[in-house]
>>> print(open('data_5.txt').read())   # compact mmCIF, C-alpha atoms
# COMPACT_ATOMS: atom_id res chain seq x y z
CA MET Z 176 -5.14 -93.93 9.49
CA SER Z 177 -3.05 -90.77 9.15
CA ALA Z 178 -4.35 -87.24 8.83
CA ALA Z 179 -4.74 -85.50 5.49
CA PRO Z 180 -1.71 -86.07 3.23
CA ASP Z 181 0.66 -83.36 2.05
CA GLY Z 182 -0.54 -81.10 -0.72
CA ALA Z 183 -4.11 -81.79 0.27
CA GLY Z 184 -5.83 -78.64 -0.97
CA PRO Z 185 -8.68 -80.49 -2.71
CA ALA Z 186 -8.92 -82.88 0.25
CA ASP Z 187 -9.18 -79.91 2.60
CA ALA Z 188 -12.01 -78.54 0.50
CA ALA Z 189 -13.74 -81.91 0.58
CA VAL Z 190 -13.43 -82.07 4.37
CA THR Z 191 -14.88 -78.56 4.65
CA MET Z 192 -17.86 -79.64 2.55
CA ILE Z 193 -18.29 -82.81 4.58
CA ALA Z 194 -18.19 -80.78 7.82
CA ASP Z 195 -20.96 -78.58 6.43
CA GLU Z 196 -23.01 -81.63 5.53
CA VAL Z 197 -22.48 -83.03 9.03
CA ARG Z 198 -23.68 -79.70 10.50
CA HIS Z 199 -26.85 -80.01 8.45
CA ILE Z 200 -27.37 -83.61 9.60
CA LEU Z 201 -26.87 -82.48 13.20
CA ALA Z 202 -29.43 -79.67 12.77
CA GLU Z 203 -31.90 -82.16 11.29
CA VAL Z 204 -31.54 -84.93 13.86
CA THR Z 205 -31.57 -82.54 16.83
CA GLY Z 206 -34.09 -80.08 15.40
CA ARG Z 207 -31.73 -77.30 16.49
CA PRO Z 208 -30.54 -74.74 13.92
CA GLU Z 209 -27.68 -73.60 16.16
CA MET Z 210 -25.86 -76.76 15.07
CA LEU Z 211 -25.28 -75.07 11.70
CA GLY Z 212 -22.80 -72.70 13.34
CA ILE Z 213 -20.64 -75.01 15.44
CA PRO Z 214 -16.86 -74.77 14.88
CA PRO Z 215 -14.71 -77.73 13.74
CA GLU Z 216 -13.17 -78.10 17.20
CA MET Z 217 -16.58 -78.63 18.84
CA PRO Z 218 -16.73 -81.97 20.71
CA LEU Z 219 -19.71 -84.12 19.68
CA PHE Z 220 -19.99 -86.77 22.38
CA GLY Z 221 -19.76 -86.51 26.15
CA GLN Z 222 -19.07 -82.78 26.05
CA GLY Z 223 -19.63 -79.85 23.71
CA VAL Z 224 -22.88 -80.54 21.89
CA ALA Z 225 -22.94 -83.82 23.89
CA LEU Z 226 -25.27 -85.70 21.56
CA ASP Z 227 -27.60 -88.07 23.33
CA SER Z 228 -27.67 -91.70 22.25
CA LEU Z 229 -30.58 -91.26 19.83
CA THR Z 230 -29.20 -88.23 18.00
CA GLY Z 231 -25.69 -89.70 18.07
CA THR Z 232 -26.93 -92.91 16.49
CA LEU Z 233 -29.00 -91.02 13.91
CA LEU Z 234 -25.94 -88.93 13.01
CA LEU Z 235 -23.79 -92.01 12.38
CA ARG Z 236 -26.58 -93.77 10.45
CA GLU Z 237 -27.10 -90.70 8.25
CA ILE Z 238 -23.35 -90.48 7.58
CA ARG Z 239 -23.42 -94.12 6.57
CA ARG Z 240 -26.40 -93.52 4.28
CA ARG Z 241 -25.07 -90.35 2.62
CA PHE Z 242 -21.32 -91.13 2.44
CA ASP Z 243 -21.32 -94.93 2.64
CA VAL Z 244 -18.88 -94.64 5.55
CA ASP Z 245 -19.54 -96.73 8.66
CA VAL Z 246 -17.93 -94.75 11.47
CA ALA Z 247 -19.42 -97.14 14.05
CA GLY Z 248 -18.29 -100.26 12.19
CA GLU Z 249 -16.02 -103.08 13.27
CA ASP Z 250 -13.04 -100.78 13.80
CA LEU Z 251 -14.97 -98.07 15.67
CA ASN Z 252 -12.58 -95.16 15.69
CA LEU Z 253 -13.19 -93.18 18.86
CA ASP Z 254 -10.62 -90.56 17.85
CA ALA Z 255 -12.68 -89.88 14.73
CA LEU Z 256 -15.70 -89.10 16.90
CA ALA Z 257 -13.91 -86.54 19.09
CA THR Z 258 -14.98 -83.37 17.27
CA LEU Z 259 -16.85 -82.19 14.20
CA GLY Z 260 -13.48 -81.65 12.49
CA THR Z 261 -12.05 -85.10 13.25
CA LEU Z 262 -15.28 -86.75 12.14
CA ALA Z 263 -15.31 -84.82 8.84
CA ALA Z 264 -11.63 -85.65 8.27
CA PHE Z 265 -12.26 -89.35 8.94
CA VAL Z 266 -15.22 -89.45 6.55
CA GLY Z 267 -13.14 -87.57 3.97
CA GLU Z 268 -10.33 -90.12 4.24
CA GLN Z 269 -12.71 -93.01 3.81
CA VAL Z 270 -14.51 -91.43 0.87
CA VAL Z 271 -11.23 -90.58 -0.91
CA GLY Z 272 -9.85 -94.01 -0.08
CA ASP Z 273 -12.88 -95.61 -1.74
CA GLY Z 274 -12.10 -93.67 -4.92
CA GLY Z 275 -14.84 -91.08 -5.12
CA ALA Z 276 -16.70 -88.46 -3.17
CA GLY Z 277 -20.02 -88.99 -4.91
CA MET T 19 -40.32 -92.70 53.07
CA PRO T 20 -41.62 -94.76 50.11
CA ALA T 21 -40.84 -98.48 50.15
CA VAL T 22 -38.76 -100.04 47.41
CA PRO T 23 -41.23 -101.59 44.92
CA PRO T 24 -41.66 -105.40 45.00
CA PRO T 25 -40.62 -107.64 42.05
CA GLY T 26 -42.31 -106.76 38.77
CA CYS T 27 -43.19 -103.26 39.98
CA ALA T 28 -41.59 -99.86 39.64
CA ASP T 29 -42.18 -96.28 40.77
CA LEU T 30 -42.04 -93.53 38.15
CA CYS T 31 -41.39 -89.83 38.67
CA TRP T 32 -41.96 -87.46 35.74
CA PHE T 33 -40.74 -83.89 35.71
CA ASP T 34 -41.27 -80.97 33.36
CA ILE T 35 -38.02 -79.04 33.75
CA ARG T 36 -39.25 -75.81 32.13
CA PRO T 37 -40.21 -74.16 35.44
CA ILE T 38 -37.20 -75.60 37.25
CA ARG T 39 -34.18 -73.34 37.66
CA PRO T 40 -31.66 -74.97 39.97
CA GLY T 41 -29.80 -72.41 42.05
CA PRO T 42 -26.37 -72.63 43.69
CA ALA T 43 -27.71 -74.47 46.75
CA ASP T 44 -29.34 -77.09 44.51
CA LEU T 45 -26.29 -77.51 42.30
CA ALA T 46 -24.11 -77.95 45.37
CA GLU T 47 -25.80 -81.33 45.80
CA LEU T 48 -24.17 -82.64 42.62
CA ASP T 49 -20.89 -84.51 42.93
CA GLN T 50 -17.66 -83.46 41.28
CA ALA T 51 -18.14 -85.66 38.19
CA GLU T 52 -21.65 -84.32 37.66
CA ARG T 53 -20.45 -80.73 37.98
CA ALA T 54 -17.60 -81.34 35.54
CA LYS T 55 -19.98 -82.91 33.06
CA ALA T 56 -22.42 -79.99 33.36
CA ALA T 57 -19.61 -77.49 32.78
CA ALA T 58 -18.59 -79.25 29.54
CA PHE T 59 -21.84 -78.61 27.65
CA ALA T 60 -21.61 -76.05 24.86
CA PHE T 61 -25.28 -75.05 25.00
CA ALA T 62 -27.12 -73.71 28.04
CA ALA T 63 -30.25 -75.76 27.31
CA ASP T 64 -28.27 -79.01 27.53
CA ARG T 65 -26.58 -77.89 30.75
CA HIS T 66 -29.92 -76.94 32.27
CA ARG T 67 -31.49 -80.31 31.37
CA TYR T 68 -28.55 -82.23 32.78
CA GLN T 69 -28.36 -80.22 36.01
CA ALA T 70 -32.11 -80.34 36.63
CA ALA T 71 -32.24 -84.08 35.90
CA HIS T 72 -29.42 -84.96 38.24
CA VAL T 73 -30.61 -82.72 41.08
CA LEU T 74 -34.06 -84.30 40.73
CA LEU T 75 -32.61 -87.83 40.62
CA ARG T 76 -30.70 -87.24 43.84
CA ARG T 77 -33.78 -85.77 45.57
CA VAL T 78 -35.89 -88.76 44.52
CA LEU T 79 -33.28 -91.30 45.62
CA SER T 80 -32.81 -89.43 48.89
CA GLY T 81 -36.47 -90.05 49.68
CA TYR T 82 -36.02 -93.81 49.35
CA VAL T 83 -32.78 -94.26 51.26
CA GLY T 84 -32.98 -91.47 53.83
CA VAL T 85 -29.58 -90.02 52.92
CA PRO T 86 -29.28 -86.31 52.04
CA PRO T 87 -28.97 -85.80 48.26
CA ALA T 88 -25.45 -84.38 48.45
CA GLU T 89 -24.24 -87.38 50.44
CA LEU T 90 -25.49 -90.02 48.00
CA VAL T 91 -22.72 -91.96 46.30
CA VAL T 92 -23.67 -93.04 42.80
CA LEU T 93 -21.50 -95.87 41.48
CA ARG T 94 -21.20 -97.44 38.05
CA VAL T 95 -21.61 -101.19 37.77
CA PRO T 96 -19.02 -102.51 35.24
CA CYS T 97 -20.39 -103.09 31.74
CA PRO T 98 -21.39 -106.79 31.55
CA GLN T 99 -20.13 -106.96 27.96
CA CYS T 100 -16.66 -105.48 28.26
CA GLY T 101 -16.11 -104.78 31.96
CA GLY T 102 -15.70 -101.09 31.13
CA PRO T 103 -16.50 -98.37 33.67
CA ASP T 104 -19.62 -97.00 31.96
CA GLY T 105 -22.18 -99.57 33.07
CA ARG T 106 -25.46 -99.02 34.89
CA PRO T 107 -25.44 -96.40 37.68
CA ALA T 108 -26.25 -97.84 41.10
CA LEU T 109 -26.29 -97.05 44.79
CA PRO T 110 -23.88 -99.01 47.01
CA GLY T 111 -25.27 -101.59 49.40
CA ALA T 112 -27.10 -104.84 48.76
CA GLY T 113 -30.52 -103.58 49.80
CA SER T 114 -30.40 -100.29 47.93
CA PRO T 115 -33.10 -99.59 45.35
CA HIS T 116 -32.23 -99.82 41.68
CA PHE T 117 -32.93 -96.79 39.55
CA SER T 118 -32.75 -95.38 36.05
CA LEU T 119 -32.75 -91.80 34.78
CA ALA T 120 -33.80 -90.61 31.34
CA HIS T 121 -34.18 -87.13 29.91
CA SER T 122 -35.12 -85.62 26.58
CA GLY T 123 -36.39 -82.19 25.61
CA ASP T 124 -38.17 -80.81 28.68
CA ALA T 125 -38.91 -84.23 30.20
CA VAL T 126 -37.09 -86.07 32.96
CA LEU T 127 -38.09 -89.57 34.03
CA VAL T 128 -36.78 -91.38 37.11
CA ALA T 129 -37.66 -95.03 37.76
CA ILE T 130 -37.14 -96.85 41.05
CA ALA T 131 -37.36 -100.64 41.42
CA GLY T 132 -36.23 -103.52 43.58
CA GLN T 133 -34.44 -105.12 40.62
CA PRO T 134 -32.25 -103.66 37.86
CA VAL T 135 -34.36 -101.23 35.80
CA GLY T 136 -33.88 -99.17 32.68
CA VAL T 137 -36.06 -96.38 31.32
CA ASP T 138 -35.86 -94.25 28.23
CA VAL T 139 -37.82 -91.21 27.11
CA GLU T 140 -37.46 -89.45 23.79
CA GLN T 141 -39.05 -86.35 22.37
CA GLU T 142 -40.53 -87.63 19.12
CA PRO T 143 -38.09 -86.74 16.32
CA GLN T 144 -39.59 -84.77 13.43
CA GLY T 145 -37.18 -85.89 10.73
CA CYS T 146 -36.96 -89.17 8.86
CA MET T 147 -35.61 -92.04 10.96
CA CYS T 148 -35.54 -94.70 8.27
CA SER T 149 -31.73 -94.87 8.32
CA MET T 150 -32.10 -96.31 11.82
CA THR T 151 -33.31 -99.64 10.46
CA SER T 152 -29.71 -100.47 9.52
CA ALA T 153 -28.90 -100.49 13.25
CA MET T 154 -31.56 -103.08 14.07
CA HIS T 155 -31.62 -106.83 14.47
CA PRO T 156 -32.56 -108.26 11.03
CA SER T 157 -35.99 -109.45 12.19
CA ASP T 158 -36.83 -105.99 13.59
CA ALA T 159 -35.59 -104.36 10.38
CA ALA T 160 -37.78 -106.72 8.32
CA ALA T 161 -40.80 -105.87 10.49
CA MET T 162 -40.17 -102.15 9.86
CA ALA T 163 -39.78 -102.62 6.13
CA ALA T 164 -43.27 -104.14 5.98
CA LEU T 165 -44.87 -101.03 7.50
CA PRO T 166 -46.14 -98.02 5.54
CA GLU T 167 -45.28 -94.50 6.63
CA PRO T 168 -46.12 -93.01 9.12
CA GLU T 169 -46.57 -96.29 11.00
CA ARG T 170 -42.90 -97.07 10.34
CA HIS T 171 -41.74 -93.79 11.87
CA GLU T 172 -43.80 -94.51 14.97
CA ALA T 173 -42.57 -98.10 15.18
CA ILE T 174 -38.94 -97.00 14.92
CA ILE T 175 -39.38 -94.65 17.90
CA ARG T 176 -41.14 -97.42 19.83
CA TRP T 177 -38.27 -99.77 18.95
CA TRP T 178 -35.69 -97.24 20.04
CA VAL T 179 -37.09 -96.45 23.51
CA ARG T 180 -37.53 -100.16 24.22
CA ALA T 181 -34.03 -101.07 23.02
CA GLU T 182 -32.54 -98.22 25.02
CA ALA T 183 -34.48 -99.18 28.15
CA VAL T 184 -33.23 -102.77 27.84
CA LEU T 185 -29.60 -101.75 27.35
CA LYS T 186 -29.80 -99.32 30.28
CA CYS T 187 -31.29 -102.12 32.39
CA THR T 188 -28.50 -104.55 31.52
CA GLY T 189 -25.91 -101.79 31.72
CA GLU T 190 -24.42 -102.44 28.29
CA GLY T 191 -25.26 -99.11 26.67
CA ILE T 192 -25.50 -98.75 22.93
CA ALA T 193 -21.79 -98.77 22.10
CA HIS T 194 -21.93 -102.57 21.72
CA GLY T 195 -24.62 -102.31 19.09
CA LEU T 196 -28.39 -102.48 18.94
CA ASP T 197 -28.63 -105.39 16.53
CA CYS T 198 -27.78 -108.31 18.82
CA PHE T 199 -31.36 -109.09 19.82
CA PRO T 200 -34.87 -108.51 18.45
CA VAL T 201 -36.77 -105.85 20.37
CA ILE T 202 -40.24 -105.69 18.88
CA SER T 203 -40.46 -108.59 16.44
CA GLY T 204 -40.38 -111.42 19.00
CA PRO T 205 -43.45 -113.19 20.41
CA ALA T 206 -45.76 -111.03 22.53
CA GLY T 207 -44.64 -111.00 26.15
CA ALA T 208 -41.29 -112.63 25.38
CA LEU T 209 -38.22 -111.50 27.30
CA VAL T 210 -36.02 -109.06 25.41
CA HIS T 211 -32.34 -109.71 26.08
CA GLY T 212 -33.28 -111.14 29.48
CA CYS T 213 -35.61 -108.30 30.42
CA SER T 214 -39.34 -107.72 30.73
CA VAL T 215 -40.23 -104.64 28.67
CA ASP T 216 -43.26 -102.40 28.37
CA SER T 217 -44.26 -99.02 27.07
CA VAL T 218 -44.74 -96.19 29.56
CA THR T 219 -47.43 -93.56 29.14
CA ALA T 220 -45.47 -90.41 28.30
CA PRO T 221 -46.34 -86.70 28.07
CA PRO T 222 -47.68 -85.48 24.70
CA GLY T 223 -44.93 -85.48 22.09
CA TYR T 224 -42.77 -88.00 23.95
CA ARG T 225 -42.33 -91.78 23.91
CA ALA T 226 -41.06 -93.85 26.82
CA ALA T 227 -40.40 -97.46 27.80
CA ILE T 228 -39.26 -99.42 30.84
CA ALA T 229 -37.32 -102.66 31.24
CA LEU T 230 -37.02 -104.77 34.39
CA ALA T 231 -34.32 -107.43 34.65
CA GLY T 232 -35.53 -111.02 34.57
CA ASP T 233 -38.84 -112.72 33.94
CA THR T 234 -40.95 -111.02 36.62
CA GLY T 235 -43.00 -109.29 33.98
CA ILE T 236 -44.13 -105.72 34.64
CA THR T 237 -47.24 -105.88 36.75
CA ARG T 238 -47.53 -102.40 38.22
CA LEU T 239 -46.08 -98.97 37.48
CA THR T 240 -46.86 -96.35 40.12
CA VAL T 241 -46.57 -92.71 39.10
CA ARG T 242 -45.29 -90.90 42.19
CA ALA T 243 -44.81 -87.58 40.38
CA ALA T 244 -46.83 -86.65 37.33
CA TRP T 245 -45.63 -84.60 34.37
CA ASP T 246 -48.03 -81.75 35.12
CA ASP T 247 -47.51 -81.89 38.88
CA ARG T 248 -45.88 -78.53 39.55
CA THR T 249 -46.00 -78.95 43.31
CA TRP T 250 -43.10 -81.42 43.56
CA PRO T 251 -41.21 -79.70 46.37
CA VAL T 252 -37.66 -80.34 45.31
CA ILE T 253 -36.25 -77.20 43.75
CA THR T 254 -36.18 -74.54 46.40
CA THR T 255 -34.29 -71.76 44.69
CA GLY T 256 -34.51 -69.82 41.47
CA SER T 257 -38.09 -68.75 42.05
CA PRO T 258 -38.96 -65.70 39.91
CA SER T 259 -40.92 -64.05 42.75
CA HIS T 260 -39.28 -62.52 45.81
>>> encode(input="data_5.txt", output="structure tokens")
Amino acid sequence: MSAAPDGAGPADAAVTMIADEVRHILAEVTGRPEMLGIPPEMPLFGQGVALDSLTGTLLLREIRRRFDVDVAGEDLNLDALATLGTLAAFVGEQVVGDGGAG
Amino acid sequence: MPAVPPPGCADLCWFDIRPIRPGPADLAELDQAERAKAAAFAFAADRHRYQAAHVLLRRVLSGYVGVPPAELVVLRVPCPQCGGPDGRPALPGAGSPHFSLAHSGDAVLVAIAGQPVGVDVEQEPQGCMCSMTSAMHPSDAAAMAALPEPERHEAIIRWWVRAEAVLKCTGEGIAHGLDCFPVISGPAGALVHGCSVDSVTAPPGYRAAIALAGDTGITRLTVRAAWDDRTWPVITTGSPSH
């Protein structure tokens, strides 16, 4: 479960795209367009945008549906949920690890 | 001073936070953890909702126990699943009333009962919620799959507020999953995860539910403050007129 590997230009681009997709999911589930402009270091749970339990659950379910990545699965990775950036990086790792970004 | 409701009963207080602007004197009633939490929100609307909800909760509880809002100590009962520190909030003392706080959009709901209680309120989401069925107990998910839209959308919201009310009542929260027990597909009147559950009449555009621990049923819900009751005399500062 390391961060992006060396020489990860394409991976960085993928994570940037995933972060954008997550922003769109956040705007949809909260009904708040200001989510489209949040920075990667923005905390998602407990502080920052502090998603409530419904929007937090919808976010993780939508990520599972769109990326086939279960962030809230057996090995719930709390570090991955810290910020928009860590969540996008985690999803990127899982997608790349599964051999395709769809 | 209102009495703590008897078994199977609960008091409900609804608030519309739009006209409520807590001032420094109101916010001084919050404890250090509440103030730190409020300061950590990125958006002013979230901070306002949190501050208003917690000031209102303390004012309501103060009326039941006769302790000034700022002097109330709100504890956390350990999570019954994992023993973690984020279980149900409670007042110390064996005879203290149980309570639950929920907020969403402009709505705040406080419930008071003589037994562990959980409430949830949600502003009805506009977007598709179908992905939520993967979080449900299989029998609930099957019940949803059989419904046409928009009945399914409505049933998912009804499922959510009931599941959330139950988990707030037991103190488990949602981190342990929502799929361990059926919420709406069991027999009518059956206990849900050891709780009696019912819908609560909510303001337009909102859904709400309540859960009471045990098999008392839910025989009476008394609305002590109504959604459109702007005379609730709790916020004393921030008035636009001087």
>>> residues_around(input="data_5.txt", residues="segment 244-249 of chain Z", least_positions_apart="5", cutoff="8 Å", atoms="all atoms listed in the file", output="number ranges by chain")
Z: 235-236, 238-239, 255, 266, 269-270
>>> write_last_selection(input="data_5.txt", atoms="C-alpha atoms", output="mmCIF file, keeping the file's coordinate frame")
data_model
loop_
_atom_site.group_PDB
_atom_site.id
_atom_site.type_symbol
_atom_site.label_atom_id
_atom_site.label_comp_id
_atom_site.auth_asym_id
_atom_site.auth_seq_id
_atom_site.Cartn_x
_atom_site.Cartn_y
_atom_site.Cartn_z
ATOM 1 C CA LEU Z 235 -23.790 -92.010 12.380
ATOM 2 C CA ARG Z 236 -26.580 -93.770 10.450
ATOM 3 C CA ILE Z 238 -23.350 -90.480 7.580
ATOM 4 C CA ARG Z 239 -23.420 -94.120 6.570
ATOM 5 C CA ALA Z 255 -12.680 -89.880 14.730
ATOM 6 C CA VAL Z 266 -15.220 -89.450 6.550
ATOM 7 C CA GLN Z 269 -12.710 -93.010 3.810
ATOM 8 C CA VAL Z 270 -14.510 -91.430 0.870
#
>>> atom_distance(input="data_5.txt", atom1="atom CA of Pro103 of chain T", atom2="atom CA of Gly136 of chain T")
17.4 Å
>>> residues_near_point(input="data_5.txt", point="(-14.3, -81.7, 15.0)", cutoff="7 Å", atoms="all atoms listed in the file", output="VMD selection string")
chain Z and resid 215 to 218 257 to 263
>>> write_last_selection(input="data_5.txt", atoms="C-alpha atoms", output="CSV table (one decimal), in the frame of the given file")
chain,number,residue,atom,x,y,z
Z,215,PRO,CA,-14.7,-77.7,13.7
Z,216,GLU,CA,-13.2,-78.1,17.2
Z,217,MET,CA,-16.6,-78.6,18.8
Z,218,PRO,CA,-16.7,-82.0,20.7
Z,257,ALA,CA,-13.9,-86.5,19.1
Z,258,THR,CA,-15.0,-83.4,17.3
Z,259,LEU,CA,-16.8,-82.2,14.2
Z,260,GLY,CA,-13.5,-81.6,12.5
Z,261,THR,CA,-12.0,-85.1,13.2
Z,262,LEU,CA,-15.3,-86.8,12.1
Z,263,ALA,CA,-15.3,-84.8,8.8
>>> closest_residue(input="data_5.txt", among="Z:Ala186, Z:Leu201, Z:Leu219, Z:Met210", to="Leu233 of chain Z", atoms="all atoms listed in the file")
Z:Leu201
>>> residues_around(input="data_5.txt", residues="Arg248 of chain T", least_positions_apart="4", cutoff="12 Å", atoms="only C-alpha atoms", output="list of chain:residue names")
T:Trp32, T:Phe33, T:Asp34, T:Ile35, T:Arg36, T:Pro37, T:Ile38, T:Ala243, T:Ala244, T:Val252, T:Ile253
>>> build_atoms(input="data_5.txt", residues="segment 99-127 of chain T", atoms="N, CA and C atoms", output="tab-separated table (two decimals), keeping the file's coordinate frame")
chain	number	residue	atom	x	y	z
T	99	GLN	N	-20.71	-106.51	29.23
T	99	GLN	CA	-20.13	-106.96	27.96
T	99	GLN	C	-18.62	-106.88	27.97
T	100	CYS	N	-18.10	-105.73	28.41
T	100	CYS	CA	-16.66	-105.48	28.26
T	100	CYS	C	-15.96	-105.20	29.58
T	101	GLY	N	-16.72	-105.10	30.68
T	101	GLY	CA	-16.11	-104.78	31.96
T	101	GLY	C	-15.71	-103.32	32.10
T	102	GLY	N	-16.06	-102.51	31.10
T	102	GLY	CA	-15.70	-101.09	31.13
T	102	GLY	C	-16.43	-100.35	32.23
T	103	PRO	N	-15.99	-99.11	32.49
T	103	PRO	CA	-16.50	-98.37	33.67
T	103	PRO	C	-17.82	-97.65	33.44
T	104	ASP	N	-18.42	-97.78	32.26
T	104	ASP	CA	-19.62	-97.00	31.96
T	104	ASP	C	-20.90	-97.82	32.01
T	105	GLY	N	-20.97	-98.77	32.94
T	105	GLY	CA	-22.18	-99.57	33.07
T	105	GLY	C	-23.30	-98.82	33.77
T	106	ARG	N	-24.27	-99.58	34.27
T	106	ARG	CA	-25.46	-99.02	34.89
T	106	ARG	C	-25.10	-98.28	36.18
T	107	PRO	N	-25.66	-97.08	36.39
T	107	PRO	CA	-25.44	-96.40	37.68
T	107	PRO	C	-26.20	-97.12	38.79
T	108	ALA	N	-25.63	-97.11	39.98
T	108	ALA	CA	-26.25	-97.84	41.10
T	108	ALA	C	-25.84	-97.20	42.42
T	109	LEU	N	-26.64	-97.46	43.44
T	109	LEU	CA	-26.29	-97.05	44.79
T	109	LEU	C	-25.56	-98.20	45.47
T	110	PRO	N	-24.58	-97.92	46.32
T	110	PRO	CA	-23.88	-99.01	47.01
T	110	PRO	C	-24.80	-99.66	48.05
T	111	GLY	N	-24.49	-100.90	48.38
T	111	GLY	CA	-25.27	-101.59	49.40
T	111	GLY	C	-26.26	-102.56	48.79
T	112	ALA	N	-26.31	-103.77	49.35
T	112	ALA	CA	-27.10	-104.84	48.76
T	112	ALA	C	-28.59	-104.51	48.74
T	113	GLY	N	-29.08	-103.82	49.74
T	113	GLY	CA	-30.52	-103.58	49.80
T	113	GLY	C	-30.97	-102.28	49.16
T	114	SER	N	-30.05	-101.59	48.52
T	114	SER	CA	-30.40	-100.29	47.93
T	114	SER	C	-31.34	-100.47	46.75
T	115	PRO	N	-32.23	-99.50	46.54
T	115	PRO	CA	-33.10	-99.59	45.35
T	115	PRO	C	-32.29	-99.42	44.08
T	116	HIS	N	-32.78	-100.05	43.01
T	116	HIS	CA	-32.23	-99.82	41.68
T	116	HIS	C	-32.96	-98.63	41.06
T	117	PHE	N	-32.30	-97.97	40.14
T	117	PHE	CA	-32.93	-96.79	39.55
T	117	PHE	C	-32.44	-96.60	38.12
T	118	SER	N	-33.18	-95.77	37.39
T	118	SER	CA	-32.75	-95.38	36.05
T	118	SER	C	-33.24	-93.97	35.79
T	119	LEU	N	-32.44	-93.20	35.10
T	119	LEU	CA	-32.75	-91.80	34.78
T	119	LEU	C	-32.75	-91.62	33.27
T	120	ALA	N	-33.76	-90.93	32.76
T	120	ALA	CA	-33.80	-90.61	31.34
T	120	ALA	C	-34.25	-89.16	31.19
T	121	HIS	N	-33.72	-88.48	30.17
T	121	HIS	CA	-34.18	-87.13	29.91
T	121	HIS	C	-34.10	-86.82	28.43
T	122	SER	N	-35.06	-86.02	27.99
T	122	SER	CA	-35.12	-85.62	26.58
T	122	SER	C	-36.00	-84.39	26.49
T	123	GLY	N	-35.59	-83.40	25.72
T	123	GLY	CA	-36.39	-82.19	25.61
T	123	GLY	C	-36.59	-81.57	26.98
T	124	ASP	N	-37.85	-81.38	27.37
T	124	ASP	CA	-38.17	-80.81	28.68
T	124	ASP	C	-38.54	-81.87	29.71
T	125	ALA	N	-38.43	-83.15	29.33
T	125	ALA	CA	-38.91	-84.23	30.20
T	125	ALA	C	-37.77	-84.96	30.89
T	126	VAL	N	-37.99	-85.22	32.18
T	126	VAL	CA	-37.09	-86.07	32.96
T	126	VAL	C	-37.92	-87.20	33.55
T	127	LEU	N	-37.41	-88.41	33.47
T	127	LEU	CA	-38.09	-89.57	34.03
T	127	LEU	C	-37.12	-90.33	34.92
